[in-house]
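Asker: My structure is below; once you've seen it, I'll send some questions.
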Amino acid sequence: MSPAAEPTDDGKVDGRTHLGVPGQLWSRQFYTGVLASNDGPYVRRVLITIGLIAFAYTLWLVGRVLLLAFGAILIAVLFNGLAAVIARRTPVPERWSLAVGILTTAVLFVGFFAVFGAQLQVRQVIEQLPAATDAVGERFGTPNVTQRLEDAVATGANTNVVSRVAGIGVTILGILGDFVLVIVAGIYLASAPKLYRGGAAKLFPPAQHDSIYEAFDAVAVALRLWSGGQLVAMLLVGVAAATAFWLIGLPLPIALGLIAGLTNFIPFLGPILGSLPALIFASTISSAALIWTVVAVVAIQQVEGNVITPLIQRRAVDLPPALALFAIVVFGVLFGFLGVLLAVPLTVALMVLIKKVWVRETLGEETSLPGERDEVAVHNPSNV
């Protein structure tokens, strides 16, 4: 190694600005004095560890934004799946299928609520639920349950009524803003998937781009199958619940069935939350109505969990129940309600990535991925 250059009178070393370290540049001294010494490997490990901790902390800070981005990806996958079905089953050109799919979804959504909005009676459920809750509390010797809950919230809050109302308004506006953001971002992602896939692939070496694209495709297929299965299960549960509540004689059965179907999107916790309004209204009628409502809720959930979901998962995603439960708990603790809402589809995506990238390609072990059975059936039906 050549001797270190001496600084000149003008404060420069080898034509470069002197950094205040006598006889050599700061970077050269850092390398020769620290990294090139016996402590060099230790220092590098410490720096790498600090970098990983900082990266993990940054991810945690922006975790909610990342969850919203994943929600947009889920919406994009659904729109692209719908566009593929339209292009394959109708004479609509492929370049217009996405626009037709988005427009059709919007028309069906608006038309559904325009035609059946008055009959859904969800607003009546919200308005009558406090009175029903108070009636149930009086039957069990606890009058004015709603007022007690409001007093408890007011006692625990350090702000005045106006501030609390403003806070609730900001929360509602935030939820609506997040919903609009996810939908709009999902449309952008669905309209140019190659652009965003290519940008993500460029983060990896060129030799791995094909594997990255295959992993993206596998995740997209898994999310599409899982979402389709969930929509079918939600529809069946909602119809069955509304019919059962109508036969029992509960008020507002269509609205209660809609709540049961929508909350079924969240495994384990969703059916419990969705059945609470029906159980509260049944408690205000009679003990017999409450018993029949409990029987109906349990029966519907047993059929959904042991018949409907297994049949759907045979062609979709077989997610272990324990894994889904722990995922809901972990993401709920980290990110609140948004984490609970997206815990299962995010776990599905991570599971597929692990099976595709690590188990199959890195370890070389055989493992099945969602949708592969359908591809085998298309190419060789006798093997399935």
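Labels for the structure tokens follow display order: chains A, B, ..., residues from 1 in each chain, ligands from 1.
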What lies within 7 Å of region 235-252 of chain A using only C-alpha atoms, ignoring chain neighbours under 4 positions off, as a ChimeraX atom specification?
Answerer: /A:121,231,256-258,260-261,281-282,289,292,296,300
Asker: Next, the residues of the selection above should be written as an mmCIF file, in the first residue's frame with N, CA and C atoms.
Answerer:
data_model
loop_
_atom_site.group_PDB
_atom_site.id
_atom_site.type_symbol
_atom_site.label_atom_id
_atom_site.label_comp_id
_atom_site.auth_asym_id
_atom_site.auth_seq_id
_atom_site.Cartn_x
_atom_site.Cartn_y
_atom_site.Cartn_z
ATOM 1 N N GLN A 121 -82.897 -1.658 5.886
ATOM 2 C CA GLN A 121 -83.262 -1.229 7.235
ATOM 3 C C GLN A 121 -82.078 -1.263 8.203
ATOM 4 N N LEU A 231 -66.533 -14.300 -0.827
ATOM 5 C CA LEU A 231 -67.767 -13.663 -1.288
ATOM 6 C C LEU A 231 -68.913 -14.667 -1.357
ATOM 7 N N LEU A 256 -80.400 -7.624 9.610
ATOM 8 C CA LEU A 256 -79.608 -8.503 10.479
ATOM 9 C C LEU A 256 -78.861 -9.560 9.664
ATOM 10 N N GLY A 257 -79.513 -10.071 8.607
ATOM 11 C CA GLY A 257 -78.824 -11.025 7.732
ATOM 12 C C GLY A 257 -77.683 -10.382 6.973
ATOM 13 N N LEU A 258 -77.875 -9.125 6.531
ATOM 14 C CA LEU A 258 -76.801 -8.410 5.841
ATOM 15 C C LEU A 258 -75.610 -8.204 6.763
ATOM 16 N N ALA A 260 -74.794 -10.063 9.327
ATOM 17 C CA ALA A 260 -74.163 -11.368 9.536
ATOM 18 C C ALA A 260 -73.305 -11.768 8.340
ATOM 19 N N GLY A 261 -73.784 -11.475 7.131
ATOM 20 C CA GLY A 261 -73.016 -11.838 5.942
ATOM 21 C C GLY A 261 -71.761 -11.002 5.788
ATOM 22 N N PHE A 281 -81.788 -8.311 19.861
ATOM 23 C CA PHE A 281 -83.200 -8.140 19.509
ATOM 24 C C PHE A 281 -84.022 -9.346 19.947
ATOM 25 N N ALA A 282 -83.458 -10.536 19.837
ATOM 26 C CA ALA A 282 -84.196 -11.732 20.263
ATOM 27 C C ALA A 282 -84.441 -11.715 21.765
ATOM 28 N N ALA A 289 -87.478 -17.010 21.630
ATOM 29 C CA ALA A 289 -86.849 -16.388 20.459
ATOM 30 C C ALA A 289 -85.339 -16.340 20.610
ATOM 31 N N TRP A 292 -84.004 -19.925 19.970
ATOM 32 C CA TRP A 292 -84.038 -20.257 18.554
ATOM 33 C C TRP A 292 -83.005 -19.453 17.764
ATOM 34 N N ALA A 296 -80.068 -21.033 15.581
ATOM 35 C CA ALA A 296 -79.895 -20.677 14.172
ATOM 36 C C ALA A 296 -78.480 -20.191 13.894
ATOM 37 N N ILE A 300 -75.941 -22.212 11.438
ATOM 38 C CA ILE A 300 -75.425 -21.578 10.218
ATOM 39 C C ILE A 300 -73.903 -21.574 10.217
#
Asker: Which polymer residues have any atom within 12 Å of an atom of Phe337 (chain A), counting only C-alpha atoms, with same-chain residues fewer than 2 positions away left out, as a list of chain:residue names?
Answerer: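 Near Phe337 (chain A), the qualifying residues are A:Arg64, A:Leu67, A:Ile175, A:Ile266, A:Leu269, A:Gly270, A:Ile328, A:Val329, A:Val330, A:Phe331, A:Gly332, A:Val333, A:Leu334, A:Phe335, A:Gly339, A:Val340, A:Leu341, A:Leu342, A:Ala343.
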Asker: What does the file look like for those residues with N, CA and C atoms, as a JSON list (two decimals), in the first residue's frame?
Answerer:
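Saved file again-v9.json follows:
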[["chain", "number", "residue", "atom", "x", "y", "z"],
["A", 64, "ARG", "N", -49.50, 1.05, 8.60],
["A", 64, "ARG", "CA", -50.88, 1.29, 8.19],
["A", 64, "ARG", "C", -50.95, 1.64, 6.71],
["A", 67, "LEU", "N", -50.58, -1.52, 4.77],
["A", 67, "LEU", "CA", -51.82, -2.29, 4.77],
["A", 67, "LEU", "C", -52.82, -1.73, 3.77],
["A", 175, "ILE", "N", -61.93, 6.96, 7.74],
["A", 175, "ILE", "CA", -62.30, 5.65, 7.19],
["A", 175, "ILE", "C", -62.79, 5.80, 5.76],
["A", 266, "ILE", "N", -64.52, -11.62, 8.22],
["A", 266, "ILE", "CA", -63.47, -11.81, 9.21],
["A", 266, "ILE", "C", -63.68, -13.16, 9.89],
["A", 269, "LEU", "N", -63.83, -14.00, 14.55],
["A", 269, "LEU", "CA", -64.41, -12.85, 15.22],
["A", 269, "LEU", "C", -65.65, -12.33, 14.51],
["A", 270, "GLY", "N", -65.66, -12.38, 13.18],
["A", 270, "GLY", "CA", -66.77, -11.84, 12.41],
["A", 270, "GLY", "C", -68.11, -12.46, 12.74],
["A", 328, "ILE", "N", -54.81, -13.01, 12.88],
["A", 328, "ILE", "CA", -55.78, -11.99, 13.27],
["A", 328, "ILE", "C", -55.35, -11.31, 14.57],
["A", 329, "VAL", "N", -54.89, -12.11, 15.53],
["A", 329, "VAL", "CA", -54.47, -11.54, 16.82],
["A", 329, "VAL", "C", -53.25, -10.64, 16.63],
["A", 330, "VAL", "N", -52.25, -11.13, 15.90],
["A", 330, "VAL", "CA", -51.00, -10.37, 15.74],
["A", 330, "VAL", "C", -51.25, -9.06, 14.99],
["A", 331, "PHE", "N", -51.91, -9.14, 13.84],
["A", 331, "PHE", "CA", -52.14, -7.93, 13.06],
["A", 331, "PHE", "C", -53.13, -7.00, 13.75],
["A", 332, "GLY", "N", -54.05, -7.56, 14.54],
["A", 332, "GLY", "CA", -54.95, -6.71, 15.30],
["A", 332, "GLY", "C", -54.23, -5.92, 16.38],
["A", 333, "VAL", "N", -53.29, -6.58, 17.07],
["A", 333, "VAL", "CA", -52.51, -5.88, 18.09],
["A", 333, "VAL", "C", -51.63, -4.80, 17.46],
["A", 334, "LEU", "N", -51.05, -5.10, 16.30],
["A", 334, "LEU", "CA", -50.13, -4.15, 15.67],
["A", 334, "LEU", "C", -50.85, -2.99, 15.00],
["A", 335, "PHE", "N", -51.96, -3.28, 14.30],
["A", 335, "PHE", "CA", -52.55, -2.25, 13.43],
["A", 335, "PHE", "C", -54.04, -2.01, 13.69],
["A", 339, "GLY", "N", -55.85, -4.04, 10.67],
["A", 339, "GLY", "CA", -55.06, -5.26, 10.69],
["A", 339, "GLY", "C", -55.93, -6.50, 10.79],
["A", 340, "VAL", "N", -56.99, -6.43, 11.63],
["A", 340, "VAL", "CA", -57.91, -7.56, 11.74],
["A", 340, "VAL", "C", -58.61, -7.81, 10.41],
["A", 341, "LEU", "N", -59.01, -6.74, 9.73],
["A", 341, "LEU", "CA", -59.76, -6.86, 8.48],
["A", 341, "LEU", "C", -58.93, -7.52, 7.38],
["A", 342, "LEU", "N", -57.63, -7.19, 7.31],
["A", 342, "LEU", "CA", -56.79, -7.68, 6.22],
["A", 342, "LEU", "C", -55.82, -8.79, 6.66],
["A", 343, "ALA", "N", -55.97, -9.28, 7.89],
["A", 343, "ALA", "CA", -55.02, -10.26, 8.40],
["A", 343, "ALA", "C", -55.03, -11.55, 7.57]]
Asker: Restrict the calculation to only C-alpha atoms, then for each residue of region 215-273 of chain A with any atom at most 8 Å from an atom of region 353-363 of chain A give the closest atom pair and their distance in Å to one decimal, rows by chain and rising residue number, as a tab-separated table.
Answerer:
residue	atom	partner	partner_atom	distance
A:Ala215	CA	A:Leu353	CA	6.4
A:Ala218	CA	A:Leu353	CA	7.8
A:Val219	CA	A:Leu353	CA	6.9
Asker: Go ahead and write the residues just picked, N, CA and C atoms, as a PDB file, in the first residue's frame.
Answerer:
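What follows is the written file selection11.pdb:
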ATOM      1  N   ALA A 215     -43.821 -15.614  -8.769  1.00  0.00           N
ATOM      2  CA  ALA A 215     -44.319 -15.460  -7.404  1.00  0.00           C
ATOM      3  C   ALA A 215     -45.487 -14.489  -7.364  1.00  0.00           C
ATOM      4  N   ALA A 218     -48.536 -16.273  -8.649  1.00  0.00           N
ATOM      5  CA  ALA A 218     -49.061 -17.235  -7.679  1.00  0.00           C
ATOM      6  C   ALA A 218     -49.851 -16.534  -6.579  1.00  0.00           C
ATOM      7  N   VAL A 219     -49.343 -15.398  -6.100  1.00  0.00           N
ATOM      8  CA  VAL A 219     -50.059 -14.641  -5.069  1.00  0.00           C
ATOM      9  C   VAL A 219     -51.367 -14.095  -5.623  1.00  0.00           C
TER      10      VAL A 219
END
Asker: Provide the CA of Ala349 (chain A) to CA of Phe70 (chain A) distance in Å, to one decimal place.
Answerer: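 Answer for the CA of Ala349 (chain A) to CA of Phe70 (chain A) separation: 9.9 Å.
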Asker: Would you work out the distance separating CA of Leu103 (chain A) from CA of Pro370 (chain A), expressed in Å to one decimal?
Answerer: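 Computing the Euclidean distance for CA of Leu103 (chain A) and CA of Pro370 (chain A) yields 28.6 Å.
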Asker: Counting only C-alpha atoms, figure out which residue out of A:Met351, A:Ala69, A:Ala322, A:Ile53 gets nearest to Asp178 (chain A).
Answerer: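 The shortest atom-to-atom distance to Asp178 (chain A) comes from A:Ala69.
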Asker: Extract, using only C-alpha atoms, all DNA, RNA and protein residues at most 10 Å from Asp217 (chain A), discarding same-chain residues fewer than 6 positions from it, and format them as a list in words.
Answerer: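 What passes the distance filter is Arg197, Ser211 and Leu223 of chain A.
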Asker: If you run DSSP on the backbone, which residues of region 168-379 of chain A are alpha helix (DSSP H), as a PyMOL selection string?
Answerer: chain A and resi 168-191+193-201+209-248+253-263+269-283+287-303+309-313+321-335+337-353+372-379
Asker: Using only C-alpha atoms, find the one residue out of A:Ala222, A:Val46, A:Ala56, A:Val65 that sits nearest to Leu78 (chain A).
Answerer: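 Answer, going by the shortest atom-to-atom distance: A:Ala222.
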